[in-house]
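> Structure: protein-v2.csv, CSV, C-alpha atoms.
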chain,number,residue,atom,x,y,z
A,56,VAL,CA,0.0,0.0,0.0
A,57,CYS,CA,1.5,3.3,-1.1
A,58,TRP,CA,0.7,6.6,0.6
A,59,ALA,CA,2.4,9.7,-1.0
A,60,ALA,CA,1.8,13.2,0.3
A,61,SER,CA,3.2,15.9,2.6
A,62,PHE,CA,2.2,15.6,6.2
A,63,LYS,CA,-0.3,18.4,6.1
A,64,ILE,CA,-3.2,18.1,8.6
A,65,GLN,CA,-5.8,17.8,5.8
A,66,LYS,CA,-3.9,14.8,4.3
A,67,ARG,CA,-4.7,12.8,7.5
A,68,ALA,CA,-1.5,10.7,7.8
A,69,ASP,CA,-2.8,9.8,11.3
A,70,VAL,CA,-5.5,7.8,9.5
A,71,LEU,CA,-2.8,6.1,7.4
A,72,ALA,CA,-1.2,5.0,10.7
A,73,ASP,CA,-4.5,3.7,12.0
A,74,ILE,CA,-5.1,1.7,8.8
A,75,ALA,CA,-1.5,0.3,8.9
A,76,ARG,CA,-2.2,-0.9,12.5
A,77,ARG,CA,-5.4,-2.6,11.3
A,78,LEU,CA,-3.5,-4.4,8.6
A,79,PRO,CA,-0.2,-5.6,10.3
A,80,HIS,CA,0.2,-8.3,7.6
A,81,ARG,CA,0.3,-5.7,4.8
A,82,ARG,CA,3.3,-3.6,3.9
A,83,PHE,CA,2.9,0.2,3.6
A,84,LEU,CA,5.3,2.5,1.8
A,85,VAL,CA,5.1,6.1,2.9
A,86,VAL,CA,6.5,8.8,0.8
A,87,GLY,CA,6.4,12.5,1.7
A,88,GLY,CA,7.9,15.2,3.7
A,89,PRO,CA,7.0,17.4,6.6
A,90,GLY,CA,4.1,19.8,6.3
A,91,PRO,CA,4.0,23.4,7.6
A,92,ASP,CA,3.2,22.2,11.2
A,93,ARG,CA,6.5,20.7,12.1
A,94,ALA,CA,5.3,19.3,15.5
A,95,TYR,CA,2.4,17.5,13.8
A,96,SER,CA,4.8,16.2,11.1
A,97,GLN,CA,7.3,14.9,13.7
A,98,ARG,CA,4.6,13.1,15.7
A,99,LEU,CA,3.4,11.4,12.6
A,100,MET,CA,6.9,10.4,11.5
A,101,ASP,CA,7.6,9.0,15.1
A,102,ASP,CA,4.3,7.1,15.0
A,103,LEU,CA,5.0,5.6,11.6
A,104,ALA,CA,8.5,4.7,12.6
A,105,GLY,CA,7.1,2.5,15.4
A,106,LEU,CA,5.1,0.4,13.0
A,107,PRO,CA,7.0,-2.6,11.7
A,108,ASN,CA,4.9,-2.9,8.5
A,109,VAL,CA,5.6,0.7,7.5
A,110,THR,CA,8.6,1.9,5.4
A,111,PHE,CA,9.0,5.6,5.5
A,112,GLU,CA,11.1,6.9,2.6
A,113,GLY,CA,10.7,10.6,3.1
A,114,PHE,CA,10.7,13.0,0.2
A,115,VAL,CA,11.1,11.5,-3.2
A,116,GLY,CA,11.7,13.8,-6.2
A,117,PRO,CA,9.5,14.0,-9.2
A,118,ASP,CA,12.0,12.0,-11.3
A,119,ARG,CA,11.6,9.0,-8.9
A,120,VAL,CA,8.0,9.1,-8.0
A,121,GLY,CA,7.1,6.6,-10.7
A,122,GLU,CA,9.4,4.1,-9.0
A,123,VAL,CA,7.4,4.4,-5.8
A,124,TYR,CA,4.1,3.5,-7.5
A,125,GLU,CA,5.7,0.6,-9.4
A,126,ARG,CA,6.2,-1.0,-6.0
A,127,ALA,CA,2.6,-0.7,-4.9
A,128,ARG,CA,-0.6,-2.7,-5.3
A,129,ILE,CA,-2.9,0.0,-3.8
A,130,PHE,CA,-2.6,3.7,-3.6
A,131,LEU,CA,-4.1,5.1,-0.4
A,132,ASN,CA,-5.5,8.6,-0.1
A,133,THR,CA,-6.5,9.7,3.4
A,134,SER,CA,-7.1,13.3,2.6
A,135,ASP,CA,-10.2,15.1,4.0
A,136,TRP,CA,-10.3,17.3,0.9
A,137,GLU,CA,-8.3,18.2,-2.2
A,138,GLY,CA,-8.8,18.6,-5.9
A,139,PHE,CA,-8.3,15.8,-8.3
A,140,PRO,CA,-5.3,13.9,-6.9
A,141,ASN,CA,-2.3,13.4,-9.2
A,142,GLY,CA,-1.7,10.3,-7.2
A,143,PHE,CA,-4.8,8.7,-8.7
A,144,LEU,CA,-3.4,9.2,-12.2
A,145,TYR,CA,0.1,8.0,-11.2
A,146,ALA,CA,-1.5,4.8,-9.8
A,147,TRP,CA,-4.2,4.2,-12.4
A,148,SER,CA,-1.7,4.5,-15.2
A,149,ARG,CA,0.1,1.6,-13.7
A,150,GLY,CA,-3.0,-0.4,-13.1
A,151,ILE,CA,-3.1,0.3,-9.3
A,152,PRO,CA,-6.5,0.9,-7.7
A,153,ALA,CA,-6.9,4.1,-5.6
A,154,CYS,CA,-8.5,3.7,-2.2
A,155,ALA,CA,-9.7,6.8,-0.3
A,156,LEU,CA,-11.6,8.0,2.7
A,157,HIS,CA,-13.4,10.8,1.0
A,158,ILE,CA,-11.9,11.7,-2.4
A,159,ASP,CA,-13.9,10.5,-5.4
A,160,PRO,CA,-13.8,13.3,-8.0
A,161,ASP,CA,-17.1,13.3,-9.8
A,162,GLY,CA,-17.7,9.8,-8.5
A,163,VAL,CA,-15.2,8.3,-11.0
A,164,VAL,CA,-13.6,5.9,-8.5
A,165,THR,CA,-16.9,4.2,-7.5
A,166,ALA,CA,-18.7,4.5,-10.8
A,167,GLY,CA,-15.7,3.2,-12.7
A,168,ASP,CA,-14.8,0.6,-10.1
A,169,LEU,CA,-11.2,2.0,-10.0
A,170,GLY,CA,-10.7,1.6,-6.3
A,171,LEU,CA,-12.5,1.8,-3.0
A,172,VAL,CA,-14.0,4.8,-1.2
A,173,ASP,CA,-15.2,4.6,2.4
A,174,PRO,CA,-15.1,7.3,5.0
A,175,ASP,CA,-14.7,4.8,7.8
A,176,PRO,CA,-11.0,3.7,8.2
A,177,ALA,CA,-11.9,0.3,9.7
A,178,ARG,CA,-14.2,-0.5,6.7
A,179,LEU,CA,-11.8,0.9,4.2
A,180,ALA,CA,-9.0,-1.2,5.7
A,181,ALA,CA,-11.1,-4.4,5.6
A,182,ALA,CA,-12.2,-3.7,2.0
A,183,MET,CA,-8.6,-3.1,0.9
A,184,ASP,CA,-7.6,-6.4,2.6
A,185,GLU,CA,-10.4,-8.2,0.8
A,186,LEU,CA,-9.4,-6.7,-2.5
A,187,LEU,CA,-5.8,-7.8,-2.1
A,188,ASP,CA,-6.9,-11.3,-1.2
A,189,ALA,CA,-9.1,-11.6,-4.4
A,190,PRO,CA,-6.7,-12.0,-7.3
A,191,GLU,CA,-9.3,-12.1,-10.1
A,192,ARG,CA,-11.2,-9.1,-8.7
A,193,TYR,CA,-8.0,-7.2,-8.3
A,194,ALA,CA,-6.8,-8.0,-11.8
A,195,ALA,CA,-10.1,-6.8,-13.3
A,196,MET,CA,-9.9,-3.6,-11.3
A,197,ALA,CA,-6.3,-3.0,-12.3
A,198,ARG,CA,-7.3,-3.4,-16.0
A,199,ARG,CA,-10.1,-0.9,-15.6
A,200,CYS,CA,-7.7,1.6,-13.9
A,201,HIS,CA,-5.2,1.3,-16.8
A,202,ASP,CA,-7.9,1.5,-19.4
A,203,HIS,CA,-9.5,4.6,-17.7
A,204,VAL,CA,-6.2,6.6,-18.0
A,205,ARG,CA,-5.6,5.4,-21.5
A,206,GLU,CA,-9.1,6.4,-22.6
A,207,ARG,CA,-9.5,9.6,-20.7
A,208,HIS,CA,-6.1,11.0,-19.8
A,209,ASP,CA,-3.8,9.9,-22.5
A,210,LEU,CA,-1.4,12.7,-23.5
A,211,ASP,CA,-2.5,12.6,-27.2
A,212,ARG,CA,-6.2,12.8,-26.3
A,213,ALA,CA,-5.6,15.6,-23.8
A,214,VAL,CA,-3.6,17.6,-26.3
A,215,ASP,CA,-6.3,17.1,-28.9
A,216,ALA,CA,-9.0,18.2,-26.5
A,217,PHE,CA,-7.0,21.2,-25.4
A,218,ALA,CA,-6.4,22.2,-29.1
A,219,ALA,CA,-10.1,21.9,-29.8
A,220,VAL,CA,-10.9,24.3,-27.0
A,221,LEU,CA,-8.3,26.8,-28.3
A,222,THR,CA,-9.4,26.6,-31.9
A,223,GLY,CA,-13.0,26.6,-31.0
Starting from the file, lay out its structure as structure tokens.

Amino acid sequence: VCWAASFKIQKRADVLADIARRLPHRRFLVVGGPGPDRAYSQRLMDDLAGLPNVTFEGFVGPDRVGEVYERARIFLNTSDWEGFPNGFLYAWSRGIPACALHIDPDGVVTAGDLGLVDPDPARLAAAMDELLDAPERYAAMARRCHDHVRERHDLDRAVDAFAAVLTG
């Protein structure tokens, strides 16, 4: 399970720690850096460091972020709010489902079956565990994730759509 963000309060890394505790048999890869509240960030880093199933890699530059996602089977977003997460696209383009507490832009995650969304950390953790234990379901979801990006976010398609807007 990959979690990638800064330790800003709205990103809710405390929930990440809770989910990691609920799934001690799953490995979590945490990438990110301290947020503006240094005390909050330090408490989270200390908390995560105490969990044997969590690897904290700290900040990873944009040139290496793809490597992080290549090592994951699930991308976890614990944010309370944000726009469309780039992390979803990074994950989906690699066939990795996105799981979130709240973030489901325009309902695309649930409508497209591109991951899991549940505001309850216990239920989300259980659903993630079930997904990882269901190879056929996981493989089908992974294909949908990859296809979704190819069909809707492919660079050529995006450039064509942008050019159409400009040329009106």
> I'd like the neighbourhood of A:Met183 as a PyMOL selection string, where a residue qualifies if any of its atoms comes within 9 Å (using all atoms listed in the file), though same-chain residues fewer than 5 positions away should be ignored.
chain A and resi 129+154+170-171+178+188
> Select, from A:Phe114, A:Trp147, A:Phe217, A:Tyr95, the residue with the minimum atom-to-atom distance to A:Phe130, counting all atoms listed in the file.
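Closest to A:Phe130, using all atoms listed in the file: A:Trp147.
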> How many Å separate atom CA of A:Phe139 from atom CA of A:Asp161?
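Atom-to-atom, atom CA of A:Phe139 to atom CA of A:Asp161, that is 9.3 Å.
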> Quick one: of A:Val123, A:Leu144, A:Leu84, A:Leu131, who's nearest to A:Ala104, counting all atoms listed in the file?
A:Leu84
> I want to know what sits within 9 Å of A:Pro89, based on all atoms listed in the file, with residues of the same chain fewer than 4 positions away left out; could you give that as a compact mmCIF listing (two decimals) with C-alpha atoms, keeping the file's coordinate frame?

# COMPACT_ATOMS: atom_id res chain seq x y z
CA SER A 61 3.20 15.90 2.60
CA PHE A 62 2.20 15.60 6.20
CA LYS A 63 -0.30 18.40 6.10
CA ARG A 93 6.50 20.70 12.10
CA TYR A 95 2.40 17.50 13.80
CA SER A 96 4.80 16.20 11.10
CA GLN A 97 7.30 14.90 13.70
CA MET A 100 6.90 10.40 11.50
CA GLY A 113 10.70 10.60 3.10
CA PHE A 114 10.70 13.00 0.20
> What is the distance between atom CA of A:Ile151 and atom CA of A:Cys57, in Å to one decimal?
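Between atom CA of A:Ile151 and atom CA of A:Cys57 the gap works out to 9.9 Å.
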> What does the distance between atom CA of A:Arg82 and atom CA of A:Ala180 come to in Å, to one decimal place?
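Interatomic distance, atom CA of A:Arg82 to atom CA of A:Ala180: 12.7 Å.
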> Using all atoms listed in the file, which protein or nucleic acid residues come within 10 Å of stretch 197-210 of chain A? Drop anything in the same chain fewer than 6 positions from it, and give the result as JSON, numbers by chain.
{"A": [128, 129, 143, 144, 145, 146, 147, 148, 149, 150, 151, 152, 153, 163, 164, 167, 168, 169, 170, 191, 216]}
> Of the candidates A:Val86, A:Leu71, A:Leu99, A:Ala194, which one gets nearest to A:Pro176 if we count only C-alpha atoms?
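Ranking A:Val86, A:Leu71, A:Leu99, A:Ala194 by distance to A:Pro176, first place goes to A:Leu71.
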> Could you tell me which of A:Ala155, A:Ala127, A:Val115, A:Val109 comes closest to A:Arg67 if we count all atoms listed in the file?
A:Ala155
> Export stretch 71-99 of chain A from the structure block above, keeping N, CA, C and O atoms, as an mmCIF file, in the first residue's frame.

data_model
loop_
_atom_site.group_PDB
_atom_site.id
_atom_site.type_symbol
_atom_site.label_atom_id
_atom_site.label_comp_id
_atom_site.auth_asym_id
_atom_site.auth_seq_id
_atom_site.Cartn_x
_atom_site.Cartn_y
_atom_site.Cartn_z
ATOM 1 N N LEU A 71 -3.712 7.086 8.055
ATOM 2 C CA LEU A 71 -2.811 6.107 7.439
ATOM 3 C C LEU A 71 -2.226 5.193 8.513
ATOM 4 O O LEU A 71 -2.223 3.967 8.372
ATOM 5 N N ALA A 72 -1.739 5.787 9.599
ATOM 6 C CA ALA A 72 -1.168 4.988 10.695
ATOM 7 C C ALA A 72 -2.212 4.044 11.278
ATOM 8 O O ALA A 72 -1.922 2.879 11.568
ATOM 9 N N ASP A 73 -3.440 4.525 11.433
ATOM 10 C CA ASP A 73 -4.523 3.687 11.953
ATOM 11 C C ASP A 73 -4.785 2.499 11.025
ATOM 12 O O ASP A 73 -4.912 1.351 11.477
ATOM 13 N N ILE A 74 -4.835 2.752 9.724
ATOM 14 C CA ILE A 74 -5.082 1.672 8.762
ATOM 15 C C ILE A 74 -3.918 0.686 8.761
ATOM 16 O O ILE A 74 -4.128 -0.533 8.703
ATOM 17 N N ALA A 75 -2.692 1.176 8.855
ATOM 18 C CA ALA A 75 -1.529 0.280 8.906
ATOM 19 C C ALA A 75 -1.590 -0.612 10.148
ATOM 20 O O ALA A 75 -1.226 -1.789 10.087
ATOM 21 N N ARG A 76 -2.057 -0.063 11.253
ATOM 22 C CA ARG A 76 -2.210 -0.879 12.470
ATOM 23 C C ARG A 76 -3.278 -1.958 12.279
ATOM 24 O O ARG A 76 -3.167 -3.043 12.828
ATOM 25 N N ARG A 77 -4.314 -1.647 11.538
ATOM 26 C CA ARG A 77 -5.404 -2.598 11.298
ATOM 27 C C ARG A 77 -4.988 -3.721 10.338
ATOM 28 O O ARG A 77 -5.639 -4.763 10.298
ATOM 29 N N LEU A 78 -3.930 -3.463 9.563
ATOM 30 C CA LEU A 78 -3.471 -4.446 8.573
ATOM 31 C C LEU A 78 -1.993 -4.771 8.808
ATOM 32 O O LEU A 78 -1.144 -4.511 7.944
ATOM 33 N N PRO A 79 -1.659 -5.362 9.948
ATOM 34 C CA PRO A 79 -0.245 -5.603 10.268
ATOM 35 C C PRO A 79 0.435 -6.586 9.312
ATOM 36 O O PRO A 79 1.662 -6.607 9.216
ATOM 37 N N HIS A 80 -0.346 -7.360 8.579
ATOM 38 C CA HIS A 80 0.195 -8.330 7.632
ATOM 39 C C HIS A 80 0.423 -7.715 6.252
ATOM 40 O O HIS A 80 0.920 -8.390 5.355
ATOM 41 N N ARG A 81 0.090 -6.450 6.071
ATOM 42 C CA ARG A 81 0.308 -5.737 4.801
ATOM 43 C C ARG A 81 1.457 -4.745 4.976
ATOM 44 O O ARG A 81 1.623 -4.160 6.029
ATOM 45 N N ARG A 82 2.205 -4.554 3.894
ATOM 46 C CA ARG A 82 3.307 -3.589 3.924
ATOM 47 C C ARG A 82 2.829 -2.246 3.391
ATOM 48 O O ARG A 82 2.106 -2.199 2.397
ATOM 49 N N PHE A 83 3.286 -1.188 4.028
ATOM 50 C CA PHE A 83 2.940 0.177 3.639
ATOM 51 C C PHE A 83 4.212 0.932 3.310
ATOM 52 O O PHE A 83 5.188 0.890 4.065
ATOM 53 N N LEU A 84 4.191 1.617 2.183
ATOM 54 C CA LEU A 84 5.296 2.458 1.751
ATOM 55 C C LEU A 84 4.812 3.900 1.832
ATOM 56 O O LEU A 84 3.841 4.271 1.156
ATOM 57 N N VAL A 85 5.468 4.690 2.661
ATOM 58 C CA VAL A 85 5.057 6.069 2.889
ATOM 59 C C VAL A 85 6.117 7.001 2.316
ATOM 60 O O VAL A 85 7.298 6.900 2.650
ATOM 61 N N VAL A 86 5.669 7.883 1.444
ATOM 62 C CA VAL A 86 6.547 8.844 0.791
ATOM 63 C C VAL A 86 5.985 10.230 1.039
ATOM 64 O O VAL A 86 4.794 10.461 0.841
ATOM 65 N N GLY A 87 6.841 11.117 1.482
ATOM 66 C CA GLY A 87 6.392 12.478 1.701
ATOM 67 C C GLY A 87 7.340 13.202 2.628
ATOM 68 O O GLY A 87 8.304 12.632 3.134
ATOM 69 N N GLY A 88 7.033 14.429 2.845
ATOM 70 C CA GLY A 88 7.866 15.242 3.705
ATOM 71 C C GLY A 88 7.032 15.988 4.716
ATOM 72 O O GLY A 88 5.799 15.962 4.664
ATOM 73 N N PRO A 89 7.704 16.652 5.615
ATOM 74 C CA PRO A 89 6.994 17.407 6.644
ATOM 75 C C PRO A 89 6.120 18.498 6.040
ATOM 76 O O PRO A 89 6.466 19.101 5.034
ATOM 77 N N GLY A 90 4.993 18.718 6.673
ATOM 78 C CA GLY A 90 4.111 19.814 6.281
ATOM 79 C C GLY A 90 4.475 21.067 7.065
ATOM 80 O O GLY A 90 5.474 21.089 7.796
ATOM 81 N N PRO A 91 3.656 22.086 6.946
ATOM 82 C CA PRO A 91 3.967 23.351 7.607
ATOM 83 C C PRO A 91 3.961 23.283 9.134
ATOM 84 O O PRO A 91 4.669 24.036 9.788
ATOM 85 N N ASP A 92 3.182 22.370 9.701
ATOM 86 C CA ASP A 92 3.152 22.198 11.158
ATOM 87 C C ASP A 92 4.203 21.152 11.523
ATOM 88 O O ASP A 92 3.954 19.942 11.475
ATOM 89 N N ARG A 93 5.382 21.612 11.874
ATOM 90 C CA ARG A 93 6.519 20.705 12.130
ATOM 91 C C ARG A 93 6.264 19.749 13.293
ATOM 92 O O ARG A 93 6.669 18.592 13.237
ATOM 93 N N ALA A 94 5.596 20.205 14.327
ATOM 94 C CA ALA A 94 5.318 19.330 15.478
ATOM 95 C C ALA A 94 4.387 18.191 15.066
ATOM 96 O O ALA A 94 4.608 17.030 15.430
ATOM 97 N N TYR A 95 3.350 18.523 14.309
ATOM 98 C CA TYR A 95 2.416 17.510 13.812
ATOM 99 C C TYR A 95 3.162 16.508 12.935
ATOM 100 O O TYR A 95 3.012 15.288 13.086
ATOM 101 N N SER A 96 3.983 17.019 12.024
ATOM 102 C CA SER A 96 4.752 16.150 11.127
ATOM 103 C C SER A 96 5.666 15.217 11.904
ATOM 104 O O SER A 96 5.751 14.022 11.599
ATOM 105 N N GLN A 97 6.347 15.740 12.915
ATOM 106 C CA GLN A 97 7.269 14.917 13.698
ATOM 107 C C GLN A 97 6.533 13.831 14.456
ATOM 108 O O GLN A 97 6.988 12.687 14.521
ATOM 109 N N ARG A 98 5.367 14.162 15.029
ATOM 110 C CA ARG A 98 4.572 13.145 15.732
ATOM 111 C C ARG A 98 4.189 12.014 14.774
ATOM 112 O O ARG A 98 4.257 10.835 15.133
ATOM 113 N N LEU A 99 3.788 12.375 13.545
ATOM 114 C CA LEU A 99 3.409 11.358 12.569
ATOM 115 C C LEU A 99 4.601 10.497 12.173
ATOM 116 O O LEU A 99 4.487 9.270 12.103
#
